[in-house]
Amino acid sequence: MPDATRGFVRSIDNGILEKEIDLEAILINTYHLFLNPGMEIIKKAGGAHKFMNWSRPLLSDSGGYQIFSLIHKNSRLGKITEDEVIFKSPTDGTKHILTPEKAIQIQFDLGVDMMVCLDDPSPNDYPKEKIAQAVSRTIRWANRCKKEYEKQIKVRKISEKNRPLIFGVIQGGQYLDLRKHCTQELVKIGFDGYGFGARHIDSKGNFMEEVVRETASFIPKNALRFALGVGTPEDIVKCFSYGWDMFDCVIPTREGRHGRLFLRKEKNVIASEAKQSRNISTNSFANIQDDKSFYETININNGKYKDDFSRVDEHCDCVLCKNHTKAYLHHLFASKEMLGMRLSAIHNLKFYADLLGALRNSVN
RNA sequence: GGGUCCGUAGUGUAGCGGUUUAUCACGUCUCCCUGUCACGGAGAAGAUCGCCGGUUCGAAUCCGGUCGGACCCG
């Protein structure tokens, strides 16, 4: 899922997302849509699907991550208490309050197909004691979210068949025992799916392999496993091999807009990597030695592409690669033409979508 | 023919009552982005200040000449 945080995948229209990239779902953000355009407008429009004219599945993130990272960055921007999160809008400074109950209500108003509990994603480098506090708050809030969820189902008279799915988010930083405890408590409450919360990389940017792998194993087999915010292609391959099967990330679109393109090294290399990952998931995973063996990145801003008239990606048939050269894309970026960002984001999304497709095929 | 102004990195400029590794912007080059306030963030290279000479401990800065450009009056 690309992140359509504010109700749009920046610069890309639904036609491309559905027909060219064939995305299964996209992610929107409770926090951003709540602030802008505001729930009155969304409700008037008839919900997020109608407002955006997106008919495929929509998943909304609770907004916890955004608010918490805001507050962790600058404590003057908000306050976390047992009951609620108080925060100031970064754009106009107005004060807002979000509670677990309210986060769920908003997501019902958005009319999404999948929703996420409000959680407490503390930074991974916090001391264990603080992470443990975040875990217990996450559990208590998950309880309140589930109760509110059931209440809304009743009040809105939503049938079992039509109810949105709800995800709990597992916290615990780098500590396996905390992750395990958090998962067990969330499972007791009962959710359709479970998310890997906070960040899956440590403060140095290294993939937290053991925690990500083991946490997946704590989750019941029939539940969905959502690796929030993952990640680089190699992180996704790893997570997939551990059993995580849902992903969202800003990387393909944001890096695309900033001029970084993901390129296939060989035509079928993603598929072969996927096969490798399936084997890995059954026994050992030590085989992934060269993380980036199946792709490379280029920065199209680099001067060496000024007169490079080759295809951007030899093995890709997206609108960018079918129609334009590296030199032309370089020129678009040098000219600060938004078409360059748009085409690059489309290409990267296609790369990610193909990667996920190949991973899925390898298991089916 | 007479007069005025101006020549500082690729471009536009600051500094011209002599205290400095010569300023800033854009451009160029490289890196970063992981539940998106993000066409965003970080960093690097690049001018011996048109040229020649003079004054001085010391000149982009003062003086003379010279070349180039702009404008004004005949």
# chains A, B, ... in the order shown; residues from 1 in each chain; ligands from 1
>>> closest_atom_pairs(of="chain B", to="chain A", cutoff="9 Å", atoms="only C-alpha atoms (C1' of nucleotides)", output="CSV")
residue,atom,partner,partner_atom,distance
B:U28,C1',A:Gly303,CA,8.8
B:C29,C1',A:Gly303,CA,7.5
B:U30,C1',A:Asn302,CA,8.0
B:C33,C1',A:Glu255,CA,6.7
B:U34,C1',A:Gly231,CA,4.7
B:G35,C1',A:Leu228,CA,4.6
B:U36,C1',A:Val250,CA,6.0
B:C37,C1',A:Pro90,CA,6.6
B:A38,C1',A:Arg254,CA,8.4
B:C39,C1',A:Lys336,CA,6.7
B:G40,C1',A:His258,CA,8.2
>>> select_by_dssp(residues="region 4-58 of chain A", states="alpha helix (DSSP H)", output="ChimeraX atom specification")
/A:14-15,30-35,39-45,48-52
>>> select_by_dssp(residues="region 143-303 of chain A", states="strand (DSSP E or B)", output="number ranges by chain")
A: 165-170, 193-196, 201, 207, 224-227, 246-247, 249, 260-264, 295-299
>>> residues_around(residues="A47 (chain B)", least_positions_apart="5", cutoff="12 Å", atoms="only C-alpha atoms (C1' of nucleotides)", output="ChimeraX atom specification")
/B:8-10,22,60
>>> residues_around(residues="U23 (chain B)", least_positions_apart="2", cutoff="9 Å", atoms="only C-alpha atoms (C1' of nucleotides)", output="PyMOL selection string")
chain B and resi 13-15
>>> write_last_selection(atoms="N, CA, C and O atoms (P, O5', C5', C4', C3', O3' and C1' of nucleotides)", output="short mmCIF file (atom, residue, chain, number, x, y, z; two decimals), in the first residue's frame")
data_model
loop_
_atom_site.label_atom_id
_atom_site.label_comp_id
_atom_site.auth_asym_id
_atom_site.auth_seq_id
_atom_site.Cartn_x
_atom_site.Cartn_y
_atom_site.Cartn_z
P U B 13 23.76 42.57 -11.42
"O5'" U B 13 23.68 42.24 -9.86
"C5'" U B 13 24.57 42.84 -8.94
"C4'" U B 13 24.35 42.19 -7.59
"C3'" U B 13 25.23 42.71 -6.48
"O3'" U B 13 24.65 43.86 -5.88
"C1'" U B 13 25.27 40.34 -6.49
P A B 14 25.61 45.01 -5.31
"O5'" A B 14 26.12 44.34 -3.96
"C5'" A B 14 25.19 44.03 -2.93
"C4'" A B 14 25.91 43.57 -1.68
"C3'" A B 14 27.09 44.44 -1.24
"O3'" A B 14 26.66 45.59 -0.55
"C1'" A B 14 27.61 42.13 -1.02
P G B 15 27.49 46.95 -0.68
"O5'" G B 15 28.92 46.57 -0.08
"C5'" G B 15 29.08 46.37 1.32
"C4'" G B 15 30.39 45.66 1.58
"C3'" G B 15 31.64 46.49 1.30
"O3'" G B 15 32.02 47.14 2.51
"C1'" G B 15 31.86 44.32 0.32
#
>>> closest_residue(among="A:Leu224, A:Ala48, A:Met115, A:Leu359", to="Leu165 (chain A)", atoms="only C-alpha atoms")
A:Met115
>>> residues_around(residues="Ile170 (chain A)", least_positions_apart="2", cutoff="9 Å", atoms="only C-alpha atoms (C1' of nucleotides)", output="PDB file with N, CA and C atoms, in the first residue's frame")
ATOM      1  N   ASP A 119      -2.202   3.707  19.176  1.00  0.00           N
ATOM      2  CA  ASP A 119      -1.157   3.055  19.968  1.00  0.00           C
ATOM      3  C   ASP A 119      -0.136   4.081  20.428  1.00  0.00           C
ATOM      4  N   VAL A 135       4.140  -0.019  25.992  1.00  0.00           N
ATOM      5  CA  VAL A 135       3.465  -1.286  25.722  1.00  0.00           C
ATOM      6  C   VAL A 135       2.180  -1.384  26.522  1.00  0.00           C
ATOM      7  N   THR A 138      -0.365   0.932  25.211  1.00  0.00           N
ATOM      8  CA  THR A 138      -0.865   0.432  23.938  1.00  0.00           C
ATOM      9  C   THR A 138      -1.922  -0.655  24.159  1.00  0.00           C
ATOM     10  N   ILE A 139      -1.661  -1.509  25.137  1.00  0.00           N
ATOM     11  CA  ILE A 139      -2.612  -2.590  25.441  1.00  0.00           C
ATOM     12  C   ILE A 139      -3.919  -2.017  25.991  1.00  0.00           C
ATOM     13  N   GLY A 168      -4.697  -4.454  15.811  1.00  0.00           N
ATOM     14  CA  GLY A 168      -3.970  -4.000  16.994  1.00  0.00           C
ATOM     15  C   GLY A 168      -2.516  -3.794  16.597  1.00  0.00           C
ATOM     16  N   GLY A 172       6.957  -2.549  21.803  1.00  0.00           N
ATOM     17  CA  GLY A 172       7.956  -3.284  22.589  1.00  0.00           C
ATOM     18  C   GLY A 172       9.380  -3.011  22.128  1.00  0.00           C
ATOM     19  N   ARG A 179       7.680  -7.460  23.219  1.00  0.00           N
ATOM     20  CA  ARG A 179       6.916  -7.721  21.998  1.00  0.00           C
ATOM     21  C   ARG A 179       5.985  -8.923  22.222  1.00  0.00           C
ATOM     22  N   LYS A 180       6.530  -9.935  22.863  1.00  0.00           N
ATOM     23  CA  LYS A 180       5.752 -11.146  23.098  1.00  0.00           C
ATOM     24  C   LYS A 180       4.573 -10.862  24.010  1.00  0.00           C
ATOM     25  N   CYS A 182       3.162  -8.006  24.602  1.00  0.00           N
ATOM     26  CA  CYS A 182       2.214  -7.120  23.923  1.00  0.00           C
ATOM     27  C   CYS A 182       1.326  -7.929  22.977  1.00  0.00           C
ATOM     28  N   THR A 183       1.955  -8.809  22.208  1.00  0.00           N
ATOM     29  CA  THR A 183       1.193  -9.613  21.259  1.00  0.00           C
ATOM     30  C   THR A 183       0.160 -10.482  21.981  1.00  0.00           C
ATOM     31  N   LEU A 186      -2.749  -8.452  23.183  1.00  0.00           N
ATOM     32  CA  LEU A 186      -3.593  -8.007  22.071  1.00  0.00           C
ATOM     33  C   LEU A 186      -4.422  -9.166  21.537  1.00  0.00           C
ATOM     34  N   TYR A 194      -2.666  -7.915  13.142  1.00  0.00           N
ATOM     35  CA  TYR A 194      -1.742  -7.319  14.091  1.00  0.00           C
ATOM     36  C   TYR A 194      -0.629  -6.611  13.338  1.00  0.00           C
ATOM     37  N   GLY A 195      -0.303  -5.432  13.817  1.00  0.00           N
ATOM     38  CA  GLY A 195       0.731  -4.665  13.138  1.00  0.00           C
ATOM     39  C   GLY A 195       2.017  -4.655  13.929  1.00  0.00           C
ATOM     40  N   PHE A 196       3.123  -4.616  13.225  1.00  0.00           N
ATOM     41  CA  PHE A 196       4.411  -4.428  13.892  1.00  0.00           C
ATOM     42  C   PHE A 196       4.592  -2.930  14.053  1.00  0.00           C
ATOM     43  N   GLY A 197       4.569  -2.458  15.325  1.00  0.00           N
ATOM     44  CA  GLY A 197       4.557  -1.026  15.567  1.00  0.00           C
ATOM     45  C   GLY A 197       5.918  -0.426  15.799  1.00  0.00           C
ATOM     46  N   ALA A 198       5.941   0.893  15.936  1.00  0.00           N
ATOM     47  CA  ALA A 198       7.161   1.685  16.026  1.00  0.00           C
ATOM     48  C   ALA A 198       7.984   1.410  14.773  1.00  0.00           C
ATOM     49  N   THR A 215       8.463 -11.706  16.421  1.00  0.00           N
ATOM     50  CA  THR A 215       7.155 -11.120  16.679  1.00  0.00           C
ATOM     51  C   THR A 215       6.110 -11.728  15.746  1.00  0.00           C
TER      52      THR A 215
END
>>> atom_distance(atom1="CA of Leu59 (chain A)", atom2="CA of Tyr149 (chain A)")
15.2 Å
>>> closest_residue(among="A:Leu332, A:Ile41, A:Cys145, A:Leu178", to="Gly259 (chain A)", atoms="only C-alpha atoms")
A:Leu332
>>> residues_around(residues="G69 (chain B)", least_positions_apart="5", cutoff="12 Å", atoms="only C-alpha atoms (C1' of nucleotides)", output="PyMOL selection string")
chain B and resi 5-7+50
>>> write_last_selection(atoms="all heavy atoms", output="short mmCIF file (atom, residue, chain, number, x, y, z; two decimals), in the first residue's frame")
data_model
loop_
_atom_site.label_atom_id
_atom_site.label_comp_id
_atom_site.auth_asym_id
_atom_site.auth_seq_id
_atom_site.Cartn_x
_atom_site.Cartn_y
_atom_site.Cartn_z
P C B 5 30.75 59.30 -12.35
OP1 C B 5 30.74 59.60 -10.91
OP2 C B 5 32.03 59.27 -13.09
"O5'" C B 5 30.04 57.89 -12.58
"C5'" C B 5 28.77 57.61 -11.97
"C4'" C B 5 28.18 56.34 -12.54
"O4'" C B 5 28.09 56.45 -13.99
"C3'" C B 5 29.01 55.08 -12.35
"O3'" C B 5 28.87 54.53 -11.06
"C2'" C B 5 28.42 54.17 -13.43
"O2'" C B 5 27.18 53.62 -13.04
"C1'" C B 5 28.20 55.17 -14.58
N1 C B 5 29.34 55.16 -15.52
C2 C B 5 29.42 54.12 -16.46
O2 C B 5 28.55 53.24 -16.46
N3 C B 5 30.46 54.09 -17.33
C4 C B 5 31.38 55.06 -17.30
N4 C B 5 32.38 55.01 -18.19
C5 C B 5 31.33 56.13 -16.36
C6 C B 5 30.29 56.15 -15.49
P C B 6 30.09 53.68 -10.42
OP1 C B 6 29.75 53.38 -9.03
OP2 C B 6 31.38 54.34 -10.74
"O5'" C B 6 30.00 52.35 -11.27
"C5'" C B 6 28.84 51.53 -11.21
"C4'" C B 6 28.92 50.43 -12.24
"O4'" C B 6 29.04 51.00 -13.57
"C3'" C B 6 30.14 49.53 -12.14
"O3'" C B 6 29.98 48.55 -11.13
"C2'" C B 6 30.17 48.92 -13.55
"O2'" C B 6 29.21 47.90 -13.72
"C1'" C B 6 29.77 50.13 -14.40
N1 C B 6 30.95 50.82 -14.96
C2 C B 6 31.59 50.26 -16.08
O2 C B 6 31.17 49.21 -16.55
N3 C B 6 32.67 50.90 -16.60
C4 C B 6 33.11 52.05 -16.06
N4 C B 6 34.16 52.64 -16.63
C5 C B 6 32.47 52.64 -14.92
C6 C B 6 31.40 52.00 -14.41
P G B 7 31.27 47.71 -10.68
OP1 G B 7 30.96 47.05 -9.40
OP2 G B 7 32.49 48.55 -10.78
"O5'" G B 7 31.31 46.67 -11.88
"C5'" G B 7 31.88 45.40 -11.75
"C4'" G B 7 32.07 44.82 -13.14
"O4'" G B 7 32.17 45.88 -14.10
"C3'" G B 7 33.36 44.01 -13.21
"O3'" G B 7 33.14 42.65 -13.59
"C2'" G B 7 34.22 44.67 -14.24
"O2'" G B 7 34.59 43.74 -15.32
"C1'" G B 7 33.31 45.72 -14.89
N9 G B 7 34.04 47.01 -15.05
C8 G B 7 33.91 48.16 -14.33
N7 G B 7 34.66 49.16 -14.76
C5 G B 7 35.33 48.61 -15.85
C6 G B 7 36.27 49.20 -16.72
O6 G B 7 36.72 50.34 -16.71
N1 G B 7 36.71 48.30 -17.69
C2 G B 7 36.28 46.98 -17.79
N2 G B 7 36.81 46.26 -18.79
N3 G B 7 35.39 46.42 -16.99
C4 G B 7 34.96 47.30 -16.04
P G B 50 37.80 43.56 -11.31
OP1 G B 50 38.72 44.51 -10.69
OP2 G B 50 36.47 43.98 -11.78
"O5'" G B 50 38.58 42.87 -12.53
"C5'" G B 50 38.07 41.71 -13.16
"C4'" G B 50 38.53 41.66 -14.59
"O4'" G B 50 37.85 42.70 -15.33
"C3'" G B 50 40.01 41.97 -14.79
"O3'" G B 50 40.80 40.81 -14.62
"C2'" G B 50 40.04 42.45 -16.23
"O2'" G B 50 40.05 41.37 -17.14
"C1'" G B 50 38.70 43.21 -16.33
N9 G B 50 38.87 44.64 -16.14
C8 G B 50 38.30 45.43 -15.17
N7 G B 50 38.66 46.69 -15.25
C5 G B 50 39.50 46.74 -16.34
C6 G B 50 40.18 47.84 -16.91
O6 G B 50 40.19 49.03 -16.55
N1 G B 50 40.94 47.45 -18.02
C2 G B 50 41.03 46.17 -18.51
N2 G B 50 41.81 45.99 -19.57
N3 G B 50 40.39 45.12 -17.98
C4 G B 50 39.65 45.49 -16.90
#
>>> residues_around(residues="region 12-22 of chain A", least_positions_apart="5", cutoff="7 Å", atoms="only C-alpha atoms (C1' of nucleotides)", output="list in words")
Trp54, Arg342, Leu349, Lys350 and Ala353 of chain A
